[in-house]
$ cat run_19.pdb   # PDB, C-alpha atoms
ATOM      1  CA  MET A   5       8.171 179.883 101.937
ATOM      2  CA  LEU A   6       8.680 182.967 104.039
ATOM      3  CA  ASP A   7      11.118 182.930 106.910
ATOM      4  CA  TRP A   8       9.225 185.158 109.330
ATOM      5  CA  ALA A   9      11.819 184.569 112.024
ATOM      6  CA  TRP A  10      14.474 186.187 109.823
ATOM      7  CA  ILE A  11      12.247 189.219 109.285
ATOM      8  CA  ALA A  12      11.511 189.483 113.012
ATOM      9  CA  ASP A  13      15.218 189.229 113.846
ATOM     10  CA  HIS A  14      16.158 191.903 111.308
ATOM     11  CA  LEU A  15      13.162 194.247 111.603
ATOM     12  CA  PRO A  16      15.031 197.155 113.261
ATOM     13  CA  ALA A  17      17.822 196.936 110.681
ATOM     14  CA  LEU A  18      15.311 196.721 107.830
ATOM     15  CA  ALA A  19      13.437 199.771 109.135
ATOM     16  CA  PHE A  20      16.655 201.763 109.551
ATOM     17  CA  ARG A  21      17.983 200.858 106.093
ATOM     18  CA  THR A  22      14.630 201.538 104.461
ATOM     19  CA  GLY A  23      14.620 205.006 106.056
ATOM     20  CA  GLN A  24      18.186 205.512 104.857
ATOM     21  CA  HIS A  25      17.149 204.446 101.356
ATOM     22  CA  LEU A  26      14.245 206.911 101.330
ATOM     23  CA  TYR A  27      16.575 209.664 102.591
ATOM     24  CA  LEU A  28      19.038 209.026  99.746
ATOM     25  CA  ALA A  29      16.204 208.968  97.216
ATOM     26  CA  ALA A  30      14.742 212.226  98.560
ATOM     27  CA  ILE A  31      18.106 214.002  98.332
ATOM     28  CA  ALA A  32      18.576 212.893  94.717
ATOM     29  CA  LEU A  33      15.055 213.865  93.728
ATOM     30  CA  ALA A  34      15.246 217.275  95.435
ATOM     31  CA  LEU A  35      18.642 218.200  93.997
ATOM     32  CA  GLY A  36      17.695 216.876  90.571
ATOM     33  CA  PHE A  37      14.513 218.923  90.653
ATOM     34  CA  LEU A  38      16.347 222.123  91.616
ATOM     35  CA  ILE A  39      18.873 221.675  88.804
ATOM     36  CA  SER A  40      16.190 220.704  86.283
ATOM     37  CA  PHE A  41      13.980 223.609  87.303
ATOM     38  CA  GLY A  42      16.798 226.134  86.861
ATOM     39  CA  ILE A  43      17.864 224.754  83.491
ATOM     40  CA  GLY A  44      14.221 224.304  82.439
ATOM     41  CA  VAL A  45      13.286 227.907  83.205
ATOM     42  CA  ALA A  46      16.362 229.138  81.327
ATOM     43  CA  ALA A  47      15.600 226.797  78.408
ATOM     44  CA  SER A  48      11.983 227.903  78.209
ATOM     45  CA  ARG A  49      13.175 231.535  77.978
ATOM     46  CA  TRP A  50      16.127 230.928  75.659
ATOM     47  CA  ARG A  51      15.581 227.869  73.444
ATOM     48  CA  PRO A  52      19.190 227.207  72.325
ATOM     49  CA  ILE A  53      19.943 225.941  75.873
ATOM     50  CA  TYR A  54      17.345 223.172  75.740
ATOM     51  CA  SER A  55      18.738 220.870  73.049
ATOM     52  CA  PRO A  56      22.281 220.561  74.444
ATOM     53  CA  ALA A  57      20.947 220.141  78.000
ATOM     54  CA  ALA A  58      18.439 217.450  76.963
ATOM     55  CA  ILE A  59      21.070 215.634  74.880
ATOM     56  CA  ALA A  60      23.605 215.703  77.720
ATOM     57  CA  ALA A  61      20.992 214.410  80.190
ATOM     58  CA  GLY A  62      20.015 211.659  77.756
ATOM     59  CA  ILE A  63      23.625 210.587  77.244
ATOM     60  CA  VAL A  64      24.269 210.417  80.990
ATOM     61  CA  PHE A  65      21.082 208.370  81.433
ATOM     62  CA  THR A  66      22.397 205.707  79.029
ATOM     63  CA  ILE A  67      25.478 205.060  81.177
ATOM     64  CA  PRO A  68      24.959 201.997  83.405
ATOM     65  CA  SER A  69      24.724 202.938  87.077
ATOM     66  CA  LEU A  70      27.598 200.702  88.163
ATOM     67  CA  ALA A  71      29.909 202.317  85.605
ATOM     68  CA  LEU A  72      28.899 205.810  86.677
ATOM     69  CA  PHE A  73      29.349 205.002  90.360
ATOM     70  CA  SER A  74      32.743 203.457  89.585
ATOM     71  CA  ALA A  75      33.824 206.542  87.659
ATOM     72  CA  PHE A  76      33.197 208.770  90.680
ATOM     73  CA  VAL A  77      34.862 206.545  93.305
ATOM     74  CA  PRO A  78      38.431 207.756  92.536
ATOM     75  CA  ILE A  79      37.247 211.376  92.646
ATOM     76  CA  THR A  80      34.882 211.415  95.633
ATOM     77  CA  GLY A  81      35.639 208.118  97.413
ATOM     78  CA  LEU A  82      32.992 205.729  98.673
ATOM     79  CA  GLY A  83      30.176 207.523 100.388
ATOM     80  CA  LEU A  84      27.107 209.672 100.103
ATOM     81  CA  ILE A  85      28.452 212.045  97.461
ATOM     82  CA  THR A  86      29.508 209.172  95.212
ATOM     83  CA  ALA A  87      26.018 207.719  95.469
ATOM     84  CA  GLU A  88      24.146 210.989  95.022
ATOM     85  CA  ILE A  89      25.947 212.430  91.980
ATOM     86  CA  PRO A  90      24.814 209.691  89.556
ATOM     87  CA  LEU A  91      21.326 209.574  91.056
ATOM     88  CA  VAL A  92      20.941 213.327  90.621
ATOM     89  CA  LEU A  93      22.236 213.075  87.055
ATOM     90  CA  TYR A  94      19.693 210.343  86.287
ATOM     91  CA  THR A  95      16.814 212.576  87.416
ATOM     92  CA  LEU A  96      17.680 215.233  84.843
ATOM     93  CA  VAL A  97      16.516 213.311  81.773
ATOM     94  CA  ILE A  98      12.899 213.108  82.938
ATOM     95  CA  LEU A  99      12.585 216.210  85.098
ATOM     96  CA  LEU A 100      14.201 218.626  82.627
ATOM     97  CA  ARG A 101      11.844 217.590  79.858
ATOM     98  CA  ASN A 102       8.806 217.882  82.110
ATOM     99  CA  VAL A 103       9.784 221.325  83.396
ATOM    100  CA  VAL A 104      10.220 222.633  79.849
ATOM    101  CA  ALA A 105       7.009 220.904  78.717
ATOM    102  CA  GLY A 106       5.180 222.474  81.650
ATOM    103  CA  PHE A 107       6.262 225.980  80.720
ATOM    104  CA  ASP A 108       5.608 225.297  77.025
ATOM    105  CA  SER A 109       2.041 224.281  77.916
ATOM    106  CA  VAL A 110       1.224 227.802  79.115
ATOM    107  CA  PRO A 111      -0.851 229.374  76.307
ATOM    108  CA  ALA A 112       0.648 232.384  74.553
ATOM    109  CA  ASP A 113      -2.525 234.418  75.117
ATOM    110  CA  VAL A 114      -2.215 233.870  78.878
ATOM    111  CA  ARG A 115       1.330 235.247  78.737
ATOM    112  CA  GLU A 116       0.125 238.209  76.693
ATOM    113  CA  ALA A 117      -2.682 238.847  79.182
ATOM    114  CA  ALA A 118      -0.160 238.813  82.050
ATOM    115  CA  ASP A 119       2.036 241.273  80.160
ATOM    116  CA  GLY A 120      -1.008 243.454  79.504
ATOM    117  CA  MET A 121      -1.826 243.445  83.221
ATOM    118  CA  GLY A 122       1.634 244.828  83.945
ATOM    119  CA  PHE A 123       3.385 241.704  85.192
ATOM    120  CA  GLY A 124       7.155 241.800  84.809
ATOM    121  CA  ARG A 125       9.049 238.707  83.653
ATOM    122  CA  GLY A 126       9.678 237.454  87.199
ATOM    123  CA  ALA A 127       6.146 238.083  88.405
ATOM    124  CA  ARG A 128       4.718 236.471  85.289
ATOM    125  CA  LEU A 129       6.915 233.400  85.878
ATOM    126  CA  TRP A 130       5.980 232.907  89.545
ATOM    127  CA  ARG A 131       2.369 234.097  89.535
ATOM    128  CA  VAL A 132       1.095 232.987  86.111
ATOM    129  CA  GLU A 133       3.311 230.488  84.301
ATOM    130  CA  LEU A 134       4.477 228.335  87.223
ATOM    131  CA  PRO A 135       0.966 227.605  88.577
ATOM    132  CA  LEU A 136      -0.099 226.514  85.083
ATOM    133  CA  ALA A 137       3.055 224.417  84.580
ATOM    134  CA  VAL A 138       2.868 222.639  87.954
ATOM    135  CA  PRO A 139       0.766 219.649  86.774
ATOM    136  CA  LEU A 140       3.370 218.588  84.183
ATOM    137  CA  ILE A 141       6.269 219.292  86.533
ATOM    138  CA  VAL A 142       4.716 217.201  89.312
ATOM    139  CA  ALA A 143       3.950 214.455  86.786
ATOM    140  CA  GLY A 144       7.673 214.311  85.993
ATOM    141  CA  LEU A 145       8.541 214.035  89.672
ATOM    142  CA  LEU A 146       6.050 211.213  90.142
ATOM    143  CA  VAL A 147       7.141 209.371  87.009
ATOM    144  CA  PHE A 148      10.761 209.397  88.050
ATOM    145  CA  ALA A 149      10.136 208.598  91.715
ATOM    146  CA  MET A 150       8.000 205.599  90.774
ATOM    147  CA  SER A 151       9.849 204.456  87.652
ATOM    148  CA  GLY A 152      12.273 202.212  89.491
ATOM    149  CA  ASP A 153      15.340 204.200  88.440
ATOM    150  CA  LEU A 154      15.531 206.043  91.724
ATOM    151  CA  PRO A 155      14.734 203.175  94.092
ATOM    152  CA  PHE A 156      16.937 200.606  92.364
ATOM    153  CA  GLY A 157      19.699 203.084  91.648
ATOM    154  CA  THR A 158      19.806 203.871  95.346
ATOM    155  CA  LEU A 159      19.940 200.168  96.165
ATOM    156  CA  ALA A 160      23.088 199.918  94.063
ATOM    157  CA  SER A 161      24.756 202.951  95.633
ATOM    158  CA  PRO A 162      28.201 201.909  96.830
ATOM    159  CA  GLY A 163      29.139 203.019 100.307
ATOM    160  CA  ALA A 164      25.868 204.862 100.825
ATOM    161  CA  GLY A 165      24.004 202.271 102.832
ATOM    162  CA  MET A 166      23.591 198.617 103.540
ATOM    163  CA  LEU A 167      20.031 198.069 102.304
ATOM    164  CA  PRO A 168      21.314 195.916  99.401
ATOM    165  CA  LYS A 169      22.943 193.542 101.900
ATOM    166  CA  LEU A 170      19.679 193.226 103.815
ATOM    167  CA  VAL A 171      17.672 192.735 100.620
ATOM    168  CA  LEU A 172      20.042 189.968  99.528
ATOM    169  CA  GLY A 173      19.782 188.409 102.985
ATOM    170  CA  LEU A 174      16.006 188.569 102.733
ATOM    171  CA  MET A 175      16.064 186.954  99.298
ATOM    172  CA  MET A 176      18.373 184.195 100.498
ATOM    173  CA  ALA A 177      16.271 183.626 103.629
ATOM    174  CA  PHE A 178      13.203 183.154 101.435
ATOM    175  CA  GLY A 179      15.044 180.871  99.023
ATOM    176  CA  ALA A 180      14.834 183.280  96.115
ATOM    177  CA  ILE A 181      16.995 182.748  93.072
ATOM    178  CA  ILE A 182      19.168 185.775  92.372
ATOM    179  CA  VAL A 183      19.849 186.461  88.719
ATOM    180  CA  ALA A 184      22.224 189.238  87.698
ATOM    181  CA  ARG A 185      21.157 191.071  84.555
ATOM    182  CA  ALA A 186      24.248 192.058  82.598
ATOM    183  CA  GLY A 187      24.234 195.374  80.829
ATOM    184  CA  GLU A 188      21.238 196.803  82.681
ATOM    185  CA  SER A 189      21.244 200.561  82.563
ATOM    186  CA  PRO A 190      20.590 202.552  85.597
TER     187      PRO A 190
END
$ encode --input "run_19.pdb" --output "structure tokens"
Amino acid sequence: MLDWAWIADHLPALAFRTGQHLYLAAIALALGFLISFGIGVAASRWRPIYSPAAIAAGIVFTIPSLALFSAFVPITGLGLITAEIPLVLYTLVILLRNVVAGFDSVPADVREAADGMGFGRGARLWRVELPLAVPLIVAGLLVFAMSGDLPFGTLASPGAGMLPKLVLGLMMAFGAIIVARAGESP
């Protein structure tokens, strides 16, 4: 049974914390994209960079979010930076692969045609390859933003916001049973 009175009493706080949650998620996604795009462009030009970068991103992704947050607390303290560093690191595993896949999807004959038309490397990247790679890059952004890793990772961010407290209050007000899943990664 829903406790509509609880929702009505906490509506301003829920709206504020939801906005804060979206803000934290947007920062992580934007920074993760910028890092992934830079590494992805370099990796698509010079292949030996890709394997170590993808392996490192994959290893970081296997670390449970609580452990990663806890590792940064002594270094950065409780706050926004502590919350954002792991979230940004989690974006790399999906976004890096999609950026490289996007640039790999550009046909070789299209690159040759751009070279034949006199495009330099930078012009070819921005005017030919990037527009053709955008669908796969955007797919990576959407997959990560909707996968649950970003929203739930942000919920667990220590010191970054109080949305988890409100969500727990909402669950308790509605009589929900809260079950902790041990060993859940990000």
$ closest_atom_pairs --input "run_19.pdb" --of "segment 103-133 of chain A" --to "segment 25-49 of chain A" --cutoff "12 Å" --atoms "all atoms listed in the file" --output "JSON lines"
{"residue": "A:Val103", "atom": "CA", "partner": "A:Gly44", "partner_atom": "CA", "distance": 5.4}
{"residue": "A:Val104", "atom": "CA", "partner": "A:Gly44", "partner_atom": "CA", "distance": 5.1}
{"residue": "A:Ala105", "atom": "CA", "partner": "A:Ser48", "partner_atom": "CA", "distance": 8.6}
{"residue": "A:Gly106", "atom": "CA", "partner": "A:Gly44", "partner_atom": "CA", "distance": 9.3}
{"residue": "A:Phe107", "atom": "CA", "partner": "A:Ser48", "partner_atom": "CA", "distance": 6.5}
{"residue": "A:Asp108", "atom": "CA", "partner": "A:Ser48", "partner_atom": "CA", "distance": 7.0}
{"residue": "A:Ser109", "atom": "CA", "partner": "A:Ser48", "partner_atom": "CA", "distance": 10.6}
{"residue": "A:Val110", "atom": "CA", "partner": "A:Ser48", "partner_atom": "CA", "distance": 10.8}
{"residue": "A:Arg125", "atom": "CA", "partner": "A:Arg49", "partner_atom": "CA", "distance": 10.0}
{"residue": "A:Gly126", "atom": "CA", "partner": "A:Val45", "partner_atom": "CA", "distance": 11.0}
{"residue": "A:Leu129", "atom": "CA", "partner": "A:Val45", "partner_atom": "CA", "distance": 8.8}
{"residue": "A:Trp130", "atom": "CA", "partner": "A:Val45", "partner_atom": "CA", "distance": 10.9}
{"residue": "A:Glu133", "atom": "CA", "partner": "A:Val45", "partner_atom": "CA", "distance": 10.4}
$ residues_around --input "run_19.pdb" --residues "Leu145 of chain A" --least-positions-apart "5" --cutoff "9 Å" --atoms "all atoms listed in the file" --output "VMD selection string"
chain A and resid 33 37 95 98 to 99 102 140 150
$ resolve_selection --input "run_19.pdb" --expression "the PyMOL selection byres ((chain A and resi 57) around 10)" --output "PyMOL selection string"
chain A and resi 40+43-44+47+52-56+58-63+96-97+100-101
$ atom_distance --input "run_19.pdb" --atom1 "atom CA of Ile89 of chain A" --atom2 "atom CA of Leu70 of chain A"
12.4 Å
$ atom_distance --input "run_19.pdb" --atom1 "atom CA of Pro111 of chain A" --atom2 "atom CA of Leu134 of chain A"
12.2 Å
$ atom_distance --input "run_19.pdb" --atom1 "atom CA of Ala118 of chain A" --atom2 "atom CA of Leu146 of chain A"
29.4 Å
$ axis_aligned_box --input "run_19.pdb" --around "segment 104-112 of chain A" --padding-each-side "3 Å" --output "lines of an AutoDock Vina configuration file"
center_x = 4.7
center_y = 226.6
center_z = 78.1
size_x = 17.1
size_y = 17.5
size_z = 13.1
